[in-house]
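Following: one structure in structure tokens, then a few remarks.
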Amino acid sequence: MSLSRKILGQQLFEKLMKMTFYAQFVAGEDQEAIKPLIQRNQSFGVGSVLDYSVEEDLTTEEAERKEVESCTSAAEKEMGEQREKQYRVHRGFGDRRGGVISARTYFYADEAKCDQHMETFLRSIEASGGVCEDGFSAIKLTALGRPQFLLQFSEVLVKWRRFFHQMAAEQGKAGLAALETKLEVKKLQETLAKLGIATKIESEDWFTGENLGVSGTVDLLDWNSMIDSRMKLSELLLVPNLQTGQLEPLLSHFTEEEDLQMKRMLQRMDVLAKKAMETGVRLMVDAEQSYFQPAISRLTLEMQRRFNVNKAVIFNTYQCYLKEAYDNVTVDVELSRREGWHFGAKLVRGAYMEQERNRAAQIGYEDPINATYENTSEMYNRCLDYILEEIKHNRKANVMVASHNEDTVKFTLRRMTELEIHPSEKKVYFGQLLGMCDQITFPLGQAGFPVYKYVPYGPVNEVLPYLSRRAQENRGFMKRANRERDLLWSEFKRRLLTGSLFCSQSH
């Protein structure tokens, strides 16, 4: 690499770090302090997603110890009970920062720390509402409670879905897409009775509801709603045991404190959603590791059903590197369509690919990630196109295209034109990290498209661990740096030749 390229790369890298450090410093103070940064972006038509980016500066050993302690239940410690490999904590992967660059990571300390995180998220929501229009604020559920619950609830959800598909296979309907899989009610009743889960009389009562069993079939959404309506919070962790033919608890018992921890996480989510409603801020729930994600998505979906009645306030995040991404998107869109609430999604490729692949290979379960980057890009476009079609036919859907990929942005713009979705409708948003891909962000903003920068938020000394990992993005950074250099040089020559070297920003 030439010396000039090295210098340019270093300059651009320092620019990123300076912008990020600036964001950390001002965002950690108050609404007045953060205004200059947000207003500067707004002057170019760019909004902000305030992103609380504090991480503890832990050693690998400390992170592993915390993760094992916070993901292991009392029943597992006392009686050695074991769950499925994928939804069991493994010390070798206890440090969830491993192989992860652009996503911040929280480790559970205690309930008081979760309350502190909630208070900081509340201040972030207030700041976003106080200094910018149509703002977003991002949260992570692992900051709001003990991850043991997310692991356990994820396993329960996966087992219930697996049970549904197993019964579908028995009815000769294996291999169909999620929304196309339908169980015949009579055969389902016979299976439930045979397994001892419900007598025929009990299950007949289940299927006499307004929307259940009317067509003589039950799809995955019907199945989920049937389970929801018959499970209280304390019964969430019941799973079907196909060997014994009984509904059994995932673990033999839960302590009173574990039950309270589960309830507190839900209460904290409720507090944040209500604050977002009050302040007119959209709340973005970020995706996390695949062994947490089923629970995170389900809890976010429940918030959407409550708070997205009149507009999209809560946004769920879909990781398109997951093999099941399209099924997840289509099922959730269909639920919003049936129930009449506003669907809100952020589409990402995913931040945990290397870690997820290694964990699956070493522990011994199916890799949840698409085989290639091309497969992931195809999945991204497929999910995005489904949502854009929904926007065209039902203006209650909303999507943020969170991508630094120029081809993805071009694809979105082309499909918006073809589907006659105008940027002024504010149904399609674009998002990039602060200090990265400005050649995408600012032209979109100037052209009138809703576009946002993820602005890291928090005191400087507490975001240094996160920033130090962001610095490792140098592997892909030089490619982007070269691209920005070429664009900057072309723009410099154009302005020089047209006599418009200096121009003022629009207001």
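Labels for the structure tokens follow display order: chains A, B, ..., residues from 1 in each chain, ligands from 1.
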Exercise. In region 171-414 of chain A, what's strand (DSSP E) per DSSP? Answer as a PyMOL selection string?
Worked result: chain A and resi 182-184+217-219+238-241+246-249+282-285+314-319+343-348+397-402
Please, could you write that set of residues out with N, CA and C atoms as a compact mmCIF listing (two decimals), in the first residue's frame?
```txt
# COMPACT_ATOMS: atom_id res chain seq x y z
N LYS A 182 -50.40 -25.57 7.56
CA LYS A 182 -51.68 -25.53 8.27
C LYS A 182 -52.03 -26.93 8.77
N LEU A 183 -52.43 -27.01 10.04
CA LEU A 183 -52.82 -28.28 10.64
C LEU A 183 -54.33 -28.42 10.58
N GLU A 184 -54.79 -29.62 10.27
CA GLU A 184 -56.22 -29.89 10.30
C GLU A 184 -56.65 -30.02 11.75
N THR A 217 -58.67 -25.41 9.88
CA THR A 217 -57.21 -25.57 9.97
C THR A 217 -56.64 -24.57 10.98
N VAL A 218 -55.43 -24.85 11.42
CA VAL A 218 -54.73 -23.97 12.35
C VAL A 218 -53.34 -23.71 11.77
N ASP A 219 -52.97 -22.44 11.58
CA ASP A 219 -51.62 -22.14 11.12
C ASP A 219 -50.75 -21.74 12.31
N LEU A 238 -43.35 -23.89 30.13
CA LEU A 238 -43.82 -25.25 29.94
C LEU A 238 -43.54 -25.68 28.50
N VAL A 239 -43.11 -26.92 28.33
CA VAL A 239 -42.82 -27.43 26.98
C VAL A 239 -43.43 -28.82 26.82
N PRO A 240 -43.80 -29.18 25.58
CA PRO A 240 -44.33 -30.53 25.35
C PRO A 240 -43.21 -31.56 25.33
N ASN A 241 -43.37 -32.63 26.09
CA ASN A 241 -42.42 -33.74 26.08
C ASN A 241 -43.05 -34.87 25.27
N GLN A 246 -46.60 -35.33 27.91
CA GLN A 246 -47.09 -34.39 28.92
C GLN A 246 -46.49 -33.01 28.68
N LEU A 247 -47.20 -31.98 29.18
CA LEU A 247 -46.60 -30.66 29.28
C LEU A 247 -45.78 -30.63 30.55
N GLU A 248 -44.51 -30.29 30.44
CA GLU A 248 -43.63 -30.31 31.59
C GLU A 248 -42.87 -28.99 31.68
N PRO A 249 -42.50 -28.58 32.89
CA PRO A 249 -41.69 -27.38 33.02
C PRO A 249 -40.30 -27.62 32.45
N ARG A 282 -39.41 6.77 18.48
CA ARG A 282 -39.51 5.35 18.13
C ARG A 282 -38.43 4.57 18.89
N LEU A 283 -38.80 3.40 19.37
CA LEU A 283 -37.89 2.57 20.17
C LEU A 283 -37.43 1.39 19.32
N MET A 284 -36.12 1.30 19.11
CA MET A 284 -35.52 0.25 18.30
C MET A 284 -34.95 -0.81 19.22
N VAL A 285 -35.50 -2.02 19.18
CA VAL A 285 -34.97 -3.12 20.01
C VAL A 285 -33.97 -3.89 19.16
N ILE A 314 -42.65 0.86 18.30
CA ILE A 314 -41.66 -0.17 18.62
C ILE A 314 -41.21 -0.85 17.33
N PHE A 315 -39.90 -0.92 17.13
CA PHE A 315 -39.32 -1.58 15.95
C PHE A 315 -38.53 -2.80 16.39
N ASN A 316 -38.82 -3.92 15.75
CA ASN A 316 -38.05 -5.14 15.99
C ASN A 316 -36.91 -5.22 14.98
N THR A 317 -35.85 -5.95 15.32
CA THR A 317 -34.70 -6.08 14.42
C THR A 317 -34.62 -7.51 13.90
N TYR A 318 -34.45 -7.64 12.59
CA TYR A 318 -34.35 -8.95 11.94
C TYR A 318 -32.96 -9.12 11.34
N GLN A 319 -32.29 -10.20 11.73
CA GLN A 319 -30.94 -10.48 11.25
C GLN A 319 -31.03 -11.37 10.02
N PHE A 343 -46.71 -2.46 11.78
CA PHE A 343 -45.49 -3.26 11.80
C PHE A 343 -44.28 -2.35 11.67
N GLY A 344 -43.27 -2.55 12.52
CA GLY A 344 -42.03 -1.77 12.47
C GLY A 344 -40.83 -2.69 12.51
N ALA A 345 -39.94 -2.58 11.52
CA ALA A 345 -38.79 -3.49 11.45
C ALA A 345 -37.53 -2.73 11.10
N LYS A 346 -36.43 -3.21 11.65
CA LYS A 346 -35.10 -2.80 11.18
C LYS A 346 -34.45 -4.05 10.61
N LEU A 347 -33.96 -3.96 9.38
CA LEU A 347 -33.29 -5.09 8.75
C LEU A 347 -31.78 -4.88 8.79
N VAL A 348 -31.08 -5.88 9.31
CA VAL A 348 -29.62 -5.85 9.34
C VAL A 348 -29.11 -7.17 8.76
N ALA A 397 -47.13 -0.70 7.46
CA ALA A 397 -45.81 -1.30 7.65
C ALA A 397 -44.73 -0.22 7.53
N ASN A 398 -43.63 -0.41 8.26
CA ASN A 398 -42.51 0.53 8.27
C ASN A 398 -41.21 -0.28 8.35
N VAL A 399 -40.16 0.20 7.68
CA VAL A 399 -38.90 -0.54 7.72
C VAL A 399 -37.72 0.42 7.70
N MET A 400 -36.69 0.09 8.50
CA MET A 400 -35.42 0.79 8.41
C MET A 400 -34.42 -0.13 7.73
N VAL A 401 -33.84 0.35 6.63
CA VAL A 401 -32.81 -0.38 5.91
C VAL A 401 -31.47 0.01 6.54
N ALA A 402 -31.03 -0.78 7.50
CA ALA A 402 -29.80 -0.49 8.23
C ALA A 402 -28.66 -1.21 7.53
```
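For Arg91 (chain A), the list of residues within 10 Å, based on only C-alpha atoms and with local chain neighbours fewer than 4 positions off taken out, reads Glu61, Ala63, Glu64, Arg65, Lys66, Glu67, Val68, Glu69 and Asp95 of chain A.
The interatomic distance for the pair CA of Val409 (chain A) and CA of Ser137 (chain A) works out to 22.2 Å.
CA of Ala312 (chain A) to CA of Gln152 (chain A) spans 28.6 Å [interatomic distance, one decimal].
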For this session: Can you pull out every residue within 9 Å of Tyr52 (chain A), counting only C-alpha atoms, but drop anything in the same chain fewer than 2 positions away, and send it as a ChimeraX atom specification?
Result: /A:50,54,104,117,120-121,124,137-139,455-458,463
Pull all heavy atoms from the residues just selected and write them as an mmCIF file, in the first residue's frame.
```cif
data_model
loop_
_atom_site.group_PDB
_atom_site.id
_atom_site.type_symbol
_atom_site.label_atom_id
_atom_site.label_comp_id
_atom_site.auth_asym_id
_atom_site.auth_seq_id
_atom_site.Cartn_x
_atom_site.Cartn_y
_atom_site.Cartn_z
ATOM 1 N N LEU A 50 -30.237 7.540 18.928
ATOM 2 C CA LEU A 50 -29.372 7.558 20.103
ATOM 3 C C LEU A 50 -29.163 6.128 20.593
ATOM 4 O O LEU A 50 -30.120 5.389 20.840
ATOM 5 C CB LEU A 50 -29.970 8.420 21.204
ATOM 6 C CG LEU A 50 -30.052 9.922 20.905
ATOM 7 C CD1 LEU A 50 -30.422 10.698 22.166
ATOM 8 C CD2 LEU A 50 -28.745 10.456 20.337
ATOM 9 N N VAL A 54 -22.503 1.974 26.420
ATOM 10 C CA VAL A 54 -21.626 1.716 27.561
ATOM 11 C C VAL A 54 -21.353 0.224 27.681
ATOM 12 O O VAL A 54 -22.241 -0.600 27.542
ATOM 13 C CB VAL A 54 -22.260 2.248 28.858
ATOM 14 C CG1 VAL A 54 -21.538 1.724 30.087
ATOM 15 C CG2 VAL A 54 -22.253 3.769 28.853
ATOM 16 N N ARG A 104 -22.593 -3.436 20.853
ATOM 17 C CA ARG A 104 -22.168 -3.364 22.243
ATOM 18 C C ARG A 104 -22.733 -4.546 23.016
ATOM 19 O O ARG A 104 -23.727 -5.142 22.622
ATOM 20 C CB ARG A 104 -22.579 -2.047 22.897
ATOM 21 C CG ARG A 104 -24.077 -1.826 22.993
ATOM 22 C CD ARG A 104 -24.532 -0.691 22.080
ATOM 23 N NE ARG A 104 -25.949 -0.385 22.249
ATOM 24 C CZ ARG A 104 -26.884 -0.969 21.514
ATOM 25 N NH1 ARG A 104 -26.568 -1.896 20.653
ATOM 26 N NH2 ARG A 104 -28.142 -0.630 21.676
ATOM 27 N N HIS A 117 -29.467 0.834 33.926
ATOM 28 C CA HIS A 117 -29.545 0.828 32.458
ATOM 29 C C HIS A 117 -30.888 1.379 31.991
ATOM 30 O O HIS A 117 -30.951 2.155 31.033
ATOM 31 C CB HIS A 117 -29.364 -0.592 31.926
ATOM 32 C CG HIS A 117 -27.963 -1.104 32.030
ATOM 33 N ND1 HIS A 117 -27.672 -2.437 32.147
ATOM 34 C CD2 HIS A 117 -26.770 -0.466 32.045
ATOM 35 C CE1 HIS A 117 -26.374 -2.596 32.217
ATOM 36 N NE2 HIS A 117 -25.801 -1.415 32.151
ATOM 37 N N THR A 120 -30.925 5.094 32.238
ATOM 38 C CA THR A 120 -30.135 5.703 31.166
ATOM 39 C C THR A 120 -30.885 5.651 29.843
ATOM 40 O O THR A 120 -30.872 6.612 29.070
ATOM 41 C CB THR A 120 -28.781 4.983 31.034
ATOM 42 O OG1 THR A 120 -28.113 5.000 32.287
ATOM 43 C CG2 THR A 120 -27.912 5.670 29.989
ATOM 44 N N PHE A 121 -31.538 4.529 29.559
ATOM 45 C CA PHE A 121 -32.367 4.442 28.353
ATOM 46 C C PHE A 121 -33.482 5.489 28.385
ATOM 47 O O PHE A 121 -33.813 6.099 27.365
ATOM 48 C CB PHE A 121 -32.977 3.052 28.214
ATOM 49 C CG PHE A 121 -32.001 1.973 27.793
ATOM 50 C CD1 PHE A 121 -32.111 0.687 28.296
ATOM 51 C CD2 PHE A 121 -30.997 2.239 26.881
ATOM 52 C CE1 PHE A 121 -31.232 -0.312 27.904
ATOM 53 C CE2 PHE A 121 -30.103 1.252 26.482
ATOM 54 C CZ PHE A 121 -30.226 -0.031 26.998
ATOM 55 N N SER A 124 -32.039 8.719 27.467
ATOM 56 C CA SER A 124 -31.755 8.724 26.033
ATOM 57 C C SER A 124 -33.026 9.009 25.236
ATOM 58 O O SER A 124 -33.016 9.777 24.275
ATOM 59 C CB SER A 124 -31.170 7.368 25.625
ATOM 60 O OG SER A 124 -31.004 7.283 24.231
ATOM 61 N N SER A 137 -34.518 5.793 19.451
ATOM 62 C CA SER A 137 -33.603 5.436 20.524
ATOM 63 C C SER A 137 -33.469 3.927 20.517
ATOM 64 O O SER A 137 -34.464 3.201 20.344
ATOM 65 C CB SER A 137 -34.139 5.919 21.878
ATOM 66 O OG SER A 137 -33.160 5.757 22.889
ATOM 67 N N ALA A 138 -32.241 3.420 20.662
ATOM 68 C CA ALA A 138 -31.996 1.980 20.572
ATOM 69 C C ALA A 138 -31.772 1.387 21.957
ATOM 70 O O ALA A 138 -31.148 2.012 22.823
ATOM 71 C CB ALA A 138 -30.770 1.713 19.691
ATOM 72 N N ILE A 139 -32.287 0.162 22.165
ATOM 73 C CA ILE A 139 -32.083 -0.531 23.431
ATOM 74 C C ILE A 139 -31.717 -1.986 23.161
ATOM 75 O O ILE A 139 -31.965 -2.513 22.074
ATOM 76 C CB ILE A 139 -33.327 -0.485 24.343
ATOM 77 C CG1 ILE A 139 -34.491 -1.278 23.722
ATOM 78 C CG2 ILE A 139 -33.732 0.942 24.636
ATOM 79 C CD1 ILE A 139 -35.669 -1.470 24.661
ATOM 80 N N VAL A 455 -25.961 7.220 16.729
ATOM 81 C CA VAL A 455 -25.080 8.072 17.527
ATOM 82 C C VAL A 455 -24.783 7.384 18.861
ATOM 83 O O VAL A 455 -25.676 7.242 19.696
ATOM 84 C CB VAL A 455 -25.732 9.449 17.786
ATOM 85 C CG1 VAL A 455 -24.824 10.320 18.640
ATOM 86 C CG2 VAL A 455 -26.053 10.144 16.467
ATOM 87 N N PRO A 456 -23.559 6.919 19.072
ATOM 88 C CA PRO A 456 -23.213 6.298 20.357
ATOM 89 C C PRO A 456 -23.457 7.268 21.503
ATOM 90 O O PRO A 456 -23.193 8.468 21.389
ATOM 91 C CB PRO A 456 -21.724 5.973 20.208
ATOM 92 C CG PRO A 456 -21.508 5.894 18.735
ATOM 93 C CD PRO A 456 -22.420 6.925 18.146
ATOM 94 N N TYR A 457 -23.936 6.742 22.615
ATOM 95 C CA TYR A 457 -24.417 7.585 23.711
ATOM 96 C C TYR A 457 -23.855 7.083 25.032
ATOM 97 O O TYR A 457 -23.892 5.883 25.304
ATOM 98 C CB TYR A 457 -25.944 7.509 23.724
ATOM 99 C CG TYR A 457 -26.648 8.426 24.690
ATOM 100 C CD1 TYR A 457 -27.093 9.680 24.281
ATOM 101 C CD2 TYR A 457 -26.890 8.038 26.004
ATOM 102 C CE1 TYR A 457 -27.768 10.518 25.153
ATOM 103 C CE2 TYR A 457 -27.564 8.877 26.876
ATOM 104 C CZ TYR A 457 -27.998 10.109 26.447
ATOM 105 O OH TYR A 457 -28.663 10.945 27.315
ATOM 106 N N GLY A 458 -23.310 7.996 25.854
ATOM 107 C CA GLY A 458 -22.796 7.606 27.165
ATOM 108 C C GLY A 458 -21.508 8.330 27.505
ATOM 109 O O GLY A 458 -20.840 8.881 26.637
ATOM 110 N N VAL A 463 -17.554 4.250 27.508
ATOM 111 C CA VAL A 463 -17.741 3.715 26.156
ATOM 112 C C VAL A 463 -16.418 3.323 25.506
ATOM 113 O O VAL A 463 -16.396 2.793 24.408
ATOM 114 C CB VAL A 463 -18.480 4.720 25.237
ATOM 115 C CG1 VAL A 463 -19.852 5.022 25.769
ATOM 116 C CG2 VAL A 463 -17.674 5.986 25.065
#
```
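Of the residues listed (A:Leu150, A:Ala177, A:Ser128, A:Arg268), A:Arg268 shows the shortest atom-to-atom separation from Asp115 (chain A); distances use only C-alpha atoms.
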For this session: Would you mind telling me which residue in A:Arg83, A:His342, A:Lys187, A:Arg349 lies nearest to Glu390 (chain A) when using only C-alpha atoms?
Result: A:His342
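Proximity to Gln432 (chain A) was assessed for A:Trp160, A:Phe153, A:Tyr452, A:Tyr321 counting only C-alpha atoms; the smallest distance is recorded for A:Tyr452.
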For this session: From the DSSP assignment of the backbone, select every residue of region 113-168 of chain A that is helix (DSSP H, G or I), and format the answer as a ChimeraX atom specification.
Result: /A:113-131,141-143,147-168
Exercise. Quick one: distance from CA of Gln42 (chain A) to CA of His404 (chain A) in Å, one decimal?
Worked result: 19.7 Å
Exercise. Residues at most 12 Å from Thr181 (chain A), counting only C-alpha atoms, excluding those fewer than 2 positions away in the same chain, as a PyMOL selection string?
Worked result: chain A and resi 161+164-169+171-179+183-184+217-223+327+331
Exercise. Which is closest to Glu62 (chain A) among A:Ala109, A:Ile201, A:Ala193, A:Met265, if we use only C-alpha atoms?
Worked result: A:Ala109
Seminar exercise, completed: Counting only C-alpha atoms, the residue among A:Cys132, A:Met353, A:Ile125, A:Val158 that lies closest to Ile38 (chain A) is A:Cys132
